[in-house]
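Everything below belongs to start-v9.txt, which stores compact mmCIF, C-alpha atoms and all ligand atoms.
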```txt
# COMPACT_ATOMS: atom_id res chain seq x y z
CA MET T 1 2.17 -16.97 15.72
CA THR T 2 2.21 -13.83 13.62
CA MET T 3 -0.53 -11.93 11.91
CA LYS T 4 -0.08 -11.98 8.18
CA THR T 5 -2.18 -10.36 5.48
CA PHE T 6 -2.90 -12.02 2.15
CA LYS T 7 -4.19 -9.98 -0.75
CA LEU T 8 -6.63 -11.76 -3.03
CA ARG T 9 -8.06 -10.41 -6.24
CA ILE T 10 -11.71 -11.42 -6.25
CA TYR T 11 -14.14 -11.74 -9.13
CA PRO T 12 -17.64 -10.97 -7.87
CA ASN T 13 -20.68 -11.58 -10.06
CA ALA T 14 -23.23 -8.80 -10.55
CA THR T 15 -25.23 -9.69 -7.42
CA GLN T 16 -22.13 -9.89 -5.28
CA ARG T 17 -20.84 -6.61 -6.64
CA LEU T 18 -24.12 -4.98 -5.69
CA GLN T 19 -23.89 -6.42 -2.18
CA PHE T 20 -20.31 -5.08 -1.84
CA GLU T 21 -21.35 -1.64 -2.96
CA ARG T 22 -24.31 -1.62 -0.56
CA ASN T 23 -22.09 -2.77 2.27
CA PHE T 24 -19.60 0.02 1.51
CA GLY T 25 -22.49 2.47 1.59
CA MET T 26 -23.98 1.12 4.81
CA CYS T 27 -20.64 1.29 6.62
CA ARG T 28 -20.21 4.86 5.44
CA PHE T 29 -23.73 5.66 6.63
CA VAL T 30 -23.11 4.13 10.08
CA TRP T 31 -19.80 5.99 10.38
CA ASN T 32 -21.53 9.29 9.64
CA GLU T 33 -24.42 8.54 12.02
CA LEU T 34 -22.13 7.59 14.90
CA LEU T 35 -19.84 10.54 14.26
CA ASN T 36 -22.82 12.88 14.16
CA MET T 37 -24.06 11.43 17.44
CA GLN T 38 -20.65 11.92 19.09
CA THR T 39 -20.43 15.48 17.81
CA LYS T 40 -23.93 16.41 19.01
CA ARG T 41 -23.29 14.85 22.40
CA HIS T 42 -20.09 16.78 22.75
CA GLU T 43 -21.83 20.03 21.82
CA ASN T 44 -24.39 19.34 24.51
CA GLY T 45 -21.69 18.75 27.10
CA GLY T 46 -22.02 14.95 27.04
CA LYS T 47 -19.19 12.48 27.45
CA TYR T 48 -17.54 10.52 24.65
CA VAL T 49 -19.20 7.15 23.97
CA ASN T 50 -16.57 4.39 23.77
CA GLU T 51 -16.43 1.52 21.30
CA PHE T 52 -18.57 -0.73 23.44
CA GLY T 53 -21.17 2.00 23.79
CA MET T 54 -21.18 2.63 20.04
CA ASN T 55 -21.67 -1.09 19.37
CA TYR T 56 -24.67 -0.96 21.68
CA LEU T 57 -26.10 1.90 19.65
CA LEU T 58 -26.03 -0.17 16.47
CA LYS T 59 -29.12 -2.02 17.61
CA PRO T 60 -31.48 0.97 17.78
CA LEU T 61 -29.88 2.25 14.57
CA LYS T 62 -30.85 -0.98 12.82
CA GLN T 63 -34.38 -0.63 14.16
CA GLU T 64 -34.63 2.84 12.77
CA TYR T 65 -33.08 1.86 9.43
CA PRO T 66 -34.09 -1.79 8.88
CA TRP T 67 -32.13 -1.99 5.61
CA LEU T 68 -28.94 -1.90 7.69
CA LYS T 69 -29.67 -5.54 8.51
CA GLU T 70 -28.56 -6.37 4.98
CA ALA T 71 -24.98 -5.42 5.87
CA ASP T 72 -22.62 -7.99 7.28
CA ALA T 73 -23.19 -7.34 10.99
CA THR T 74 -19.51 -7.69 11.89
CA SER T 75 -18.59 -4.99 9.38
CA LEU T 76 -20.71 -2.47 11.29
CA LEU T 77 -18.85 -3.40 14.47
CA GLY T 78 -15.72 -2.69 12.45
CA VAL T 79 -17.00 0.84 11.86
CA SER T 80 -17.39 1.63 15.55
CA HIS T 81 -13.94 0.12 16.10
CA ASN T 82 -12.39 2.38 13.45
CA LEU T 83 -14.24 5.44 14.67
CA HIS T 84 -13.05 4.69 18.20
CA LEU T 85 -9.48 4.51 16.88
CA ALA T 86 -9.94 7.84 15.12
CA PHE T 87 -11.11 9.44 18.36
CA GLN T 88 -8.25 7.87 20.29
CA LYS T 89 -5.87 9.51 17.81
CA LEU T 90 -7.60 12.82 18.40
CA PHE T 91 -7.42 12.47 22.19
CA LYS T 92 -3.94 10.99 22.51
CA ALA T 93 -2.01 12.10 19.47
CA HIS T 94 -3.91 15.34 18.87
CA ALA T 95 -4.77 14.26 15.35
CA GLY T 96 -7.58 16.10 13.57
CA TYR T 97 -11.27 15.62 14.37
CA PRO T 98 -12.67 12.54 12.56
CA LYS T 99 -14.21 13.49 9.22
CA PHE T 100 -17.56 12.64 7.73
CA LYS T 101 -17.30 10.30 4.76
CA ALA T 102 -18.69 11.61 1.50
CA LYS T 103 -19.57 9.04 -1.14
CA ARG T 104 -17.33 10.59 -3.74
CA PHE T 105 -14.19 10.68 -1.62
CA ALA T 106 -14.45 7.80 0.83
CA ARG T 107 -12.31 4.76 0.13
CA PRO T 108 -14.75 1.95 -0.62
CA ALA T 109 -13.93 -0.71 1.97
CA TYR T 110 -15.37 -2.72 4.82
CA ARG T 111 -13.93 -5.23 7.22
CA SER T 112 -15.62 -8.42 8.37
CA ASN T 113 -14.60 -10.29 11.50
CA ALA T 114 -14.32 -14.06 11.46
CA VAL T 115 -17.01 -15.67 13.61
CA ASN T 116 -18.32 -19.23 13.35
CA GLY T 117 -16.61 -19.93 10.07
CA ASN T 118 -18.33 -17.08 8.20
CA ILE T 119 -15.04 -16.44 6.37
CA ALA T 120 -13.40 -19.55 4.98
CA LEU T 121 -11.35 -20.86 2.11
CA VAL T 122 -13.49 -23.27 0.14
CA ASP T 123 -10.73 -24.46 -2.15
CA GLU T 124 -7.70 -23.02 -3.91
CA ALA T 125 -9.77 -20.63 -5.96
CA HIS T 126 -12.85 -19.84 -3.87
CA ILE T 127 -13.42 -18.07 -0.60
CA ARG T 128 -16.63 -17.69 1.38
CA LEU T 129 -17.46 -14.23 2.69
CA PRO T 130 -20.37 -13.16 4.92
CA LYS T 131 -23.54 -12.17 3.05
CA VAL T 132 -22.04 -12.74 -0.42
CA GLY T 133 -21.25 -16.45 -0.20
CA MET T 134 -18.70 -18.18 -2.37
CA ILE T 135 -16.54 -16.02 -4.57
CA ARG T 136 -13.73 -16.81 -7.00
CA PHE T 137 -10.28 -15.41 -6.30
CA ARG T 138 -6.72 -15.36 -7.56
CA ALA T 139 -3.72 -14.77 -5.30
CA GLY T 140 0.03 -14.83 -5.41
CA GLN T 141 0.04 -16.74 -2.17
CA LEU T 142 -2.74 -18.91 -0.78
CA PRO T 143 -3.90 -17.72 2.64
CA LYS T 144 -3.05 -20.09 5.45
CA GLY T 145 -3.53 -20.10 9.20
CA LYS T 146 -6.50 -19.06 11.28
CA ILE T 147 -8.44 -16.32 9.52
CA LYS T 148 -9.21 -13.31 11.72
CA THR T 149 -10.62 -10.66 9.41
CA ALA T 150 -11.42 -10.06 5.76
CA THR T 151 -11.43 -6.56 4.31
CA VAL T 152 -13.19 -6.04 0.99
CA VAL T 153 -11.93 -3.08 -1.04
CA ARG T 154 -12.55 -1.64 -4.47
CA SER T 155 -9.53 -0.07 -6.14
CA ARG T 156 -9.61 3.18 -8.04
CA VAL T 157 -9.99 1.32 -11.31
CA GLY T 158 -12.88 -0.79 -10.10
CA LYS T 159 -11.11 -4.03 -9.23
CA TYR T 160 -12.18 -5.82 -6.08
CA TYR T 161 -9.79 -7.30 -3.56
CA VAL T 162 -10.10 -8.97 -0.21
CA LEU T 163 -7.33 -8.60 2.35
CA VAL T 164 -7.37 -11.68 4.54
CA ALA T 165 -5.60 -11.31 7.88
CA ALA T 166 -4.66 -14.61 9.49
CA ASP T 167 -2.64 -15.95 12.38
CA VAL T 168 0.11 -18.02 10.85
CA GLU T 169 2.64 -20.34 12.33
CA ILE T 170 6.10 -19.23 11.35
CA SER T 171 7.76 -22.04 9.53
CA SER T 172 11.45 -21.75 10.13
CA TRP T 173 13.16 -21.70 6.81
CA GLN T 174 16.14 -23.83 6.11
CA ASN T 175 18.98 -22.19 7.94
CA ALA T 176 21.14 -20.73 5.28
CA ASP T 177 23.69 -19.90 7.94
CA ALA T 178 24.94 -16.99 5.97
CA SER T 179 25.17 -13.27 6.25
CA VAL T 180 25.11 -10.78 3.45
CA GLY T 181 25.81 -7.10 3.09
CA ILE T 182 23.72 -5.19 0.63
CA ASP T 183 24.35 -1.85 -0.95
CA MET T 184 21.56 0.04 -2.62
CA GLY T 185 22.19 2.04 -5.74
CA VAL T 186 20.45 3.84 -8.55
CA ALA T 187 21.43 1.91 -11.69
CA ASP T 188 21.54 -1.33 -9.73
CA LEU T 189 18.90 -1.30 -7.07
CA VAL T 190 20.56 -3.93 -4.91
CA ILE T 191 24.15 -5.15 -4.89
CA THR T 192 25.07 -8.03 -2.58
CA SER T 193 28.45 -8.71 -1.03
CA ASP T 194 28.32 -12.06 -2.89
CA GLY T 195 28.47 -10.10 -6.11
CA LYS T 196 24.88 -10.41 -7.24
CA LYS T 197 23.23 -7.34 -8.73
CA TYR T 198 19.52 -6.66 -9.10
CA VAL T 199 19.09 -3.99 -11.74
CA THR T 200 16.69 -1.11 -11.32
CA LYS T 201 13.70 -1.67 -13.55
CA ARG T 202 11.93 1.43 -14.77
CA PHE T 203 8.39 0.11 -15.03
CA ASP T 204 7.18 3.69 -15.32
CA LYS T 205 9.14 4.17 -18.54
CA ALA T 206 7.59 1.15 -20.21
CA LEU T 207 4.14 2.58 -19.70
CA ALA T 208 5.01 6.27 -19.92
CA LYS T 209 3.77 6.74 -23.48
CA LYS T 210 0.35 5.28 -22.83
CA LYS T 211 0.02 7.08 -19.56
CA HIS T 212 1.04 10.37 -21.10
CA TYR T 213 -1.53 9.87 -23.87
CA TRP T 214 -4.27 9.71 -21.26
CA GLU T 215 -2.81 12.47 -19.12
CA LYS T 216 -3.00 14.86 -22.05
CA ARG T 217 -6.59 13.86 -22.69
CA LEU T 218 -7.44 14.20 -19.03
CA ALA T 219 -6.08 17.75 -18.89
CA ARG T 220 -7.89 18.78 -22.07
CA ARG T 221 -11.18 17.24 -21.04
CA ARG T 222 -10.92 18.85 -17.64
CA ARG T 223 -10.46 22.28 -19.19
CA GLN T 224 -13.44 21.68 -21.46
CA ALA T 225 -15.63 20.45 -18.59
CA GLU T 226 -14.69 23.42 -16.44
CA LYS T 227 -15.61 25.76 -19.25
CA GLU T 228 -19.02 24.13 -19.59
CA ILE T 229 -19.57 24.22 -15.84
CA ALA T 230 -18.78 27.94 -15.90
CA TRP T 231 -21.41 28.43 -18.62
CA ASP T 232 -23.95 26.50 -16.55
CA LYS T 233 -23.29 28.85 -13.70
CA GLN T 234 -23.44 31.94 -15.84
CA LEU T 235 -26.78 30.81 -17.25
CA LYS T 236 -27.93 30.12 -13.69
CA VAL T 237 -28.85 26.54 -14.51
CA VAL T 238 -30.78 25.04 -11.57
CA ALA T 239 -28.39 22.15 -11.12
CA PRO T 240 -25.04 23.04 -12.70
CA ARG T 241 -23.11 19.98 -13.80
CA GLN T 242 -20.15 18.72 -11.80
CA LEU T 243 -16.89 17.29 -13.09
CA SER T 244 -18.16 13.80 -12.33
CA ASP T 245 -20.99 14.35 -14.83
CA PHE T 246 -18.54 14.43 -17.72
CA LYS T 247 -18.20 10.86 -18.87
CA ASN T 248 -15.17 11.36 -21.10
CA TYR T 249 -13.35 13.22 -18.37
CA MET T 250 -14.11 10.48 -15.86
CA LYS T 251 -12.96 7.83 -18.30
CA ALA T 252 -9.61 9.56 -18.82
CA LYS T 253 -9.25 9.85 -15.07
CA VAL T 254 -9.73 6.11 -14.65
CA MET T 255 -7.23 5.40 -17.44
CA VAL T 256 -4.53 7.55 -15.82
CA ALA T 257 -5.17 5.86 -12.48
CA LYS T 258 -5.01 2.48 -14.19
CA TYR T 259 -1.51 3.08 -15.51
CA SER T 260 -0.28 4.43 -12.18
CA GLU T 261 -1.68 1.36 -10.47
CA LYS T 262 -0.04 -0.92 -13.01
CA VAL T 263 3.39 0.65 -12.49
CA ALA T 264 3.00 0.45 -8.71
CA ASN T 265 1.95 -3.21 -8.92
CA GLN T 266 4.85 -4.18 -11.16
CA ARG T 267 7.36 -2.47 -8.93
CA HIS T 268 5.80 -4.03 -5.86
CA ASP T 269 6.02 -7.52 -7.38
CA TYR T 270 9.65 -7.00 -8.30
CA LEU T 271 10.56 -5.86 -4.78
CA GLN T 272 8.64 -8.81 -3.32
CA LYS T 273 10.71 -11.16 -5.45
CA ILE T 274 14.02 -9.60 -4.40
CA SER T 275 13.16 -9.49 -0.71
CA THR T 276 11.92 -13.09 -0.67
CA GLU T 277 15.08 -14.24 -2.38
CA LEU T 278 17.33 -12.43 0.08
CA VAL T 279 15.43 -13.50 3.18
CA SER T 280 15.29 -17.14 2.11
CA LYS T 281 18.96 -17.24 1.25
CA TYR T 282 20.51 -15.40 4.19
CA ASP T 283 20.13 -15.40 7.96
CA VAL T 284 21.51 -11.95 8.58
CA ILE T 285 21.08 -9.11 6.14
CA LYS T 286 23.12 -6.01 6.73
CA LEU T 287 22.29 -2.81 4.99
CA GLU T 288 23.17 0.80 5.10
CA ASP T 289 21.13 3.09 7.30
CA LEU T 290 18.94 4.94 4.82
CA LYS T 291 19.07 8.22 6.70
CA THR T 292 22.61 8.73 5.53
CA LYS T 293 21.71 8.38 1.88
CA GLY T 294 20.40 11.92 1.66
CA LEU T 295 16.89 10.77 0.85
CA LEU T 296 15.43 14.22 1.01
CA ARG T 297 17.50 15.62 -1.75
CA ASN T 298 16.18 14.03 -4.89
CA HIS T 299 16.17 16.39 -7.77
CA ASN T 300 16.03 13.77 -10.44
CA LEU T 301 13.40 11.19 -11.13
CA ALA T 302 15.67 8.12 -11.23
CA ARG T 303 16.97 9.05 -7.82
CA ALA T 304 13.47 9.68 -6.45
CA ILE T 305 12.30 6.31 -7.70
CA ALA T 306 15.35 4.59 -6.21
CA ASN T 307 14.65 6.25 -2.85
CA GLN T 308 11.07 5.05 -2.91
CA SER T 309 12.13 1.52 -3.83
CA TRP T 310 14.78 1.38 -1.09
CA ARG T 311 12.24 2.36 1.51
CA GLU T 312 9.74 -0.21 0.31
CA LEU T 313 12.35 -2.91 0.00
CA ARG T 314 13.65 -2.21 3.46
CA LEU T 315 10.18 -2.55 4.98
CA MET T 316 9.64 -5.82 3.12
CA LEU T 317 12.98 -7.19 4.29
CA GLU T 318 12.15 -6.23 7.84
CA TYR T 319 8.75 -7.83 8.04
CA LYS T 320 9.77 -10.93 6.12
CA ALA T 321 12.82 -11.37 8.33
CA ALA T 322 10.51 -11.09 11.35
CA TRP T 323 8.22 -13.82 10.00
CA TYR T 324 11.00 -16.23 9.33
CA GLY T 325 13.18 -15.56 12.31
CA LYS T 326 15.95 -13.87 10.37
CA LYS T 327 17.67 -10.58 11.06
CA VAL T 328 17.99 -7.26 9.29
CA VAL T 329 20.78 -5.12 10.67
CA SER T 330 21.21 -1.49 9.87
CA VAL T 331 24.82 -0.28 9.79
CA LEU T 332 26.24 3.18 9.68
CA PRO T 333 28.25 3.39 6.50
CA TYR T 334 31.73 4.66 6.93
CA LYS T 335 33.70 5.24 3.76
CA THR T 336 32.13 2.12 2.28
CA SER T 337 33.01 3.09 -1.26
CA GLN T 338 36.61 4.16 -0.66
CA ARG T 339 37.93 1.52 1.71
CA CYS T 340 39.35 -1.75 0.38
CA SER T 341 37.17 -4.55 1.73
CA LYS T 342 40.08 -6.93 1.66
CA CYS T 343 42.88 -5.10 3.48
CA GLY T 344 41.13 -2.00 4.79
CA TYR T 345 43.31 0.49 2.88
CA ASP T 346 41.65 3.88 2.49
CA ASP T 347 42.01 4.92 -1.14
CA GLY T 348 40.40 8.33 -0.66
CA LYS T 349 37.19 9.54 -2.17
CA HIS T 350 36.18 8.01 -5.49
CA GLU T 351 34.11 10.12 -7.82
CA LEU T 352 30.72 8.66 -8.76
CA ASN T 353 31.89 7.76 -12.25
CA VAL T 354 34.65 5.51 -10.92
CA ARG T 355 32.92 2.13 -11.13
CA GLU T 356 36.02 -0.02 -10.62
CA TRP T 357 39.36 0.46 -8.89
CA THR T 358 42.41 -1.48 -7.79
CA CYS T 359 43.70 -1.34 -4.25
CA PRO T 360 47.28 -0.01 -4.35
CA ARG T 361 48.22 -1.97 -1.26
CA CYS T 362 46.85 -5.51 -1.82
CA HIS T 363 46.20 -5.14 -5.56
CA THR T 364 42.65 -6.45 -5.35
CA HIS T 365 40.53 -5.23 -8.23
CA HIS T 366 37.18 -3.95 -6.97
CA ASP T 367 33.76 -3.36 -8.43
CA ARG T 368 32.82 -0.19 -6.58
CA ASP T 369 29.34 -1.36 -5.46
CA ILE T 370 30.28 -4.91 -4.57
CA ASN T 371 33.20 -3.60 -2.53
CA ALA T 372 30.79 -1.28 -0.73
CA ALA T 373 28.42 -4.19 -0.02
CA LYS T 374 31.36 -6.17 1.39
CA ASN T 375 32.26 -3.27 3.67
CA ILE T 376 28.66 -3.11 4.83
CA LEU T 377 28.80 -6.82 5.62
CA ALA T 378 31.98 -6.33 7.61
CA ALA T 379 30.67 -3.29 9.52
ZN ZN Q 401 43.47 -3.73 -0.39
```
In structure tokens, how does this file's structure come out?
Ligand SMILES: [Zn+2]
Amino acid sequence: MTMKTFKLRIYPNATQRLQFERNFGMCRFVWNELLNMQTKRHENGGKYVNEFGMNYLLKPLKQEYPWLKEADATSLLGVSHNLHLAFQKLFKAHAGYPKFKAKRFARPAYRSNAVNGNIALVDEAHIRLPKVGMIRFRAGQLPKGKIKTATVVRSRVGKYYVLVAADVEISSWQNADASVGIDMGVADLVITSDGKKYVTKRFDKALAKKKHYWEKRLARRRRQAEKEIAWDKQLKVVAPRQLSDFKNYMKAKVMVAKYSEKVANQRHDYLQKISTELVSKYDVIKLEDLKTKGLLRNHNLARAIANQSWRELRLMLEYKAAWYGKKVVSVLPYKTSQRCSKCGYDDGKHELNVREWTCPRCHTHHDRDINAAKNILAA
């Protein structure tokens, strides 16, 4: 059994949206109340109240603020759990003191725990969530297994998602009984020792024009808004406007975020496709240790994007391999691009522009990257 998370795009109606928003707000409120209580106690020399103790405090809190009963009760337990984790980080890892959540900055989210079938798949397009009932969804992969939690989130552009965590049985995939070495590059993102290349797709370029259009507007509208705010202050207006009061500015902000999100989603989907293909096809995947790739030095954008993609891809390969009982092996590259993968002859350093070469000893003609992937496989 492994815990697996499924991301579902959900389409709430107006009533459900309102309930989500109220639940976000109530969780934020409870977080702030509990945090305030812990802080005050500490100032008065009292001891830290643990998760269990905080859960116990929810009852009197609900009596004081009866509207809290409208929240999904398990989501409030989730708040004390998260706050407890935040304090554990402070105590054990010396992380910063937990912060109060302001409406404008807090990530809108809450987590419900599965109890008595309160979270359940109704059919292939509907899920039931506590307090909001049945809701339509779309997902790349249908959740399976025993549902443990459901986290409702609103993205920066106002889309709602639910992240369903479930215990799933690992189905052993057909044993491909094969190993592969993969090299990661800039022009080609992935090159396999079998000779397959996955090109690097620049999703950012495809949307760059539109994004830039909105970025320019955003900057201009921000300057204008700041000017007007400065006037408000100069004129000693009772309630000077804030950036969030400027509708056009806020709209541009959402548009910029929308394009960033789109690029991230497209890239994510592409990496998912590659990693699924590799994990389903091979039992053992060998790849170069990323530390040696000089990830910190990325002066150009293509290189920076490649670095980011390699990291993401690597994580995907690792967790997918874990689900399906396959293996990802990290190898230390040693002259992978200058040694002949067939006879081992060391041809000396090849400049980056040398894409193909012929081994002087065994006369094998090599594609630079595929040869490197073969060396990684053999390592
Ligand atoms: Zn050779």
Between CA of Gly53 in chain T and CA of Glu21 in chain T, what is the distance, to one decimal in Å?
27.0 Å
For Asp188 in chain T, which residue among T:Val49, T:Ala306, T:Leu68, T:Val331 is the nearest when counting only C-alpha atoms?
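Answer, going by the shortest atom-to-atom distance: T:Ala306.
Residues in contact with Lys7 in chain T at up to 8 Å, not including ones fewer than 4 positions away on its chain and judged by all atoms listed in the file, are T:Ala139, T:Gly140, T:Tyr161, T:Val162, T:Leu163, T:Val164.
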Given a cut-off of 7 Å, what residues near ligand ZN 401 (chain Q) show up using only C-alpha atoms and all ligand atoms, put as a PyMOL selection string?
chain T and resi 340-345+359-364
Please report the interatomic distance between CA of Gln16 in chain T and CA of Gly117 in chain T in Å with one decimal.
19.2 Å
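Using only C-alpha atoms, the protein and nucleic acid residues lying at most 9 Å from the point (5.0, -15.2, 13.8) are Met1, Thr2, Met3, Lys4, Asp167, Val168, Glu169, Ile170, Ser171, Ala322, Trp323, Tyr324 and Gly325 of chain T.
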When distances are computed from all atoms listed in the file, which of T:Val329, T:Ser309, T:Asp194, T:Ser155 shows the smallest separation from Ala257 in chain T?
T:Ser155
Residue contacts of Tyr97 in chain T (8 Å, only C-alpha atoms) excluding same-chain residues fewer than 5 positions away, as a list in words
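Listing them by chain and then by number gives Ala86, Phe87 and Leu90 of chain T.
Counting all atoms listed in the file and comparing T:Glu124, T:Met250, T:Ala93, T:Lys326, the residue that lies closest to Ser179 in chain T is T:Lys326.
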So which one's closest to Asn23 in chain T, T:Leu207, T:Ala109, T:Leu278, T:Leu129? Using all atoms listed in the file, please.
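Looking only at the distances to Asn23 in chain T, the closest residue turns out to be T:Ala109.
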Here is a test: counting all atoms listed in the file, which residue of T:Lys146, T:His365, T:Arg221, T:Arg314 is nearest to Leu243 in chain T?
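Ranking T:Lys146, T:His365, T:Arg221, T:Arg314 by distance to Leu243 in chain T, first place goes to T:Arg221.
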Could you add whatever atoms are missing so that range 353-361 of chain T carries all heavy atoms, then write the result as a tab-separated table (two decimals), in the coordinates of the input?
```
chain	number	residue	atom	x	y	z
T	353	ASN	N	31.71	8.46	-10.97
T	353	ASN	CA	31.89	7.76	-12.25
T	353	ASN	C	32.97	6.67	-12.19
T	353	ASN	O	33.18	5.93	-13.14
T	353	ASN	CB	32.18	8.76	-13.38
T	353	ASN	CG	33.41	9.60	-13.05
T	353	ASN	OD1	34.04	9.41	-12.01
T	353	ASN	ND2	33.76	10.51	-13.94
T	354	VAL	N	33.66	6.59	-11.07
T	354	VAL	CA	34.65	5.51	-10.92
T	354	VAL	C	33.92	4.24	-10.47
T	354	VAL	O	33.52	4.11	-9.33
T	354	VAL	CB	35.72	5.89	-9.86
T	354	VAL	CG1	36.72	4.76	-9.67
T	354	VAL	CG2	36.43	7.17	-10.28
T	355	ARG	N	33.69	3.33	-11.43
T	355	ARG	CA	32.92	2.13	-11.13
T	355	ARG	C	33.81	0.99	-10.66
T	355	ARG	O	33.33	0.05	-10.05
T	355	ARG	CB	32.10	1.69	-12.36
T	355	ARG	CG	31.18	2.74	-12.97
T	355	ARG	CD	30.32	3.48	-11.99
T	355	ARG	NE	29.49	2.60	-11.19
T	355	ARG	CZ	28.82	2.99	-10.11
T	355	ARG	NH1	28.89	4.24	-9.71
T	355	ARG	NH2	28.09	2.14	-9.45
T	356	GLU	N	35.09	1.04	-11.03
T	356	GLU	CA	36.02	-0.02	-10.62
T	356	GLU	C	37.33	0.60	-10.19
T	356	GLU	O	37.71	1.65	-10.69
T	356	GLU	CB	36.29	-0.95	-11.81
T	356	GLU	CG	35.09	-1.75	-12.25
T	356	GLU	CD	35.39	-2.57	-13.51
T	356	GLU	OE1	36.57	-2.95	-13.69
T	356	GLU	OE2	34.46	-2.80	-14.28
T	357	TRP	N	38.04	-0.04	-9.29
T	357	TRP	CA	39.36	0.46	-8.89
T	357	TRP	C	40.19	-0.69	-8.32
T	357	TRP	O	39.67	-1.72	-7.92
T	357	TRP	CB	39.25	1.61	-7.90
T	357	TRP	CG	38.48	1.31	-6.64
T	357	TRP	CD1	37.13	1.21	-6.51
T	357	TRP	CD2	39.03	1.05	-5.34
T	357	TRP	NE1	36.79	0.92	-5.23
T	357	TRP	CE2	37.94	0.82	-4.48
T	357	TRP	CE3	40.33	1.01	-4.82
T	357	TRP	CZ2	38.09	0.53	-3.13
T	357	TRP	CZ3	40.48	0.74	-3.45
T	357	TRP	CH2	39.37	0.49	-2.63
T	358	THR	N	41.50	-0.45	-8.31
T	358	THR	CA	42.41	-1.48	-7.79
T	358	THR	C	43.09	-0.95	-6.54
T	358	THR	O	43.58	0.19	-6.52
T	358	THR	CB	43.46	-1.84	-8.85
T	358	THR	OG1	42.77	-2.27	-10.02
T	358	THR	CG2	44.37	-2.96	-8.37
T	359	CYS	N	43.09	-1.75	-5.50
T	359	CYS	CA	43.70	-1.34	-4.25
T	359	CYS	C	45.23	-1.29	-4.42
T	359	CYS	O	45.83	-2.29	-4.81
T	359	CYS	CB	43.32	-2.31	-3.14
T	359	CYS	SG	44.23	-2.04	-1.62
T	360	PRO	N	45.84	-0.14	-4.15
T	360	PRO	CA	47.28	-0.01	-4.35
T	360	PRO	C	48.09	-0.86	-3.35
T	360	PRO	O	49.25	-1.16	-3.60
T	360	PRO	CB	47.56	1.48	-4.16
T	360	PRO	CG	46.35	2.04	-3.52
T	360	PRO	CD	45.21	1.11	-3.73
T	361	ARG	N	47.47	-1.22	-2.24
T	361	ARG	CA	48.22	-1.97	-1.26
T	361	ARG	C	48.17	-3.49	-1.52
T	361	ARG	O	49.20	-4.13	-1.62
T	361	ARG	CB	47.71	-1.68	0.15
T	361	ARG	CG	48.71	-2.15	1.22
T	361	ARG	CD	48.07	-2.39	2.56
T	361	ARG	NE	47.91	-1.20	3.35
T	361	ARG	CZ	47.15	-1.16	4.45
T	361	ARG	NH1	46.49	-2.23	4.85
T	361	ARG	NH2	47.04	-0.04	5.13
```
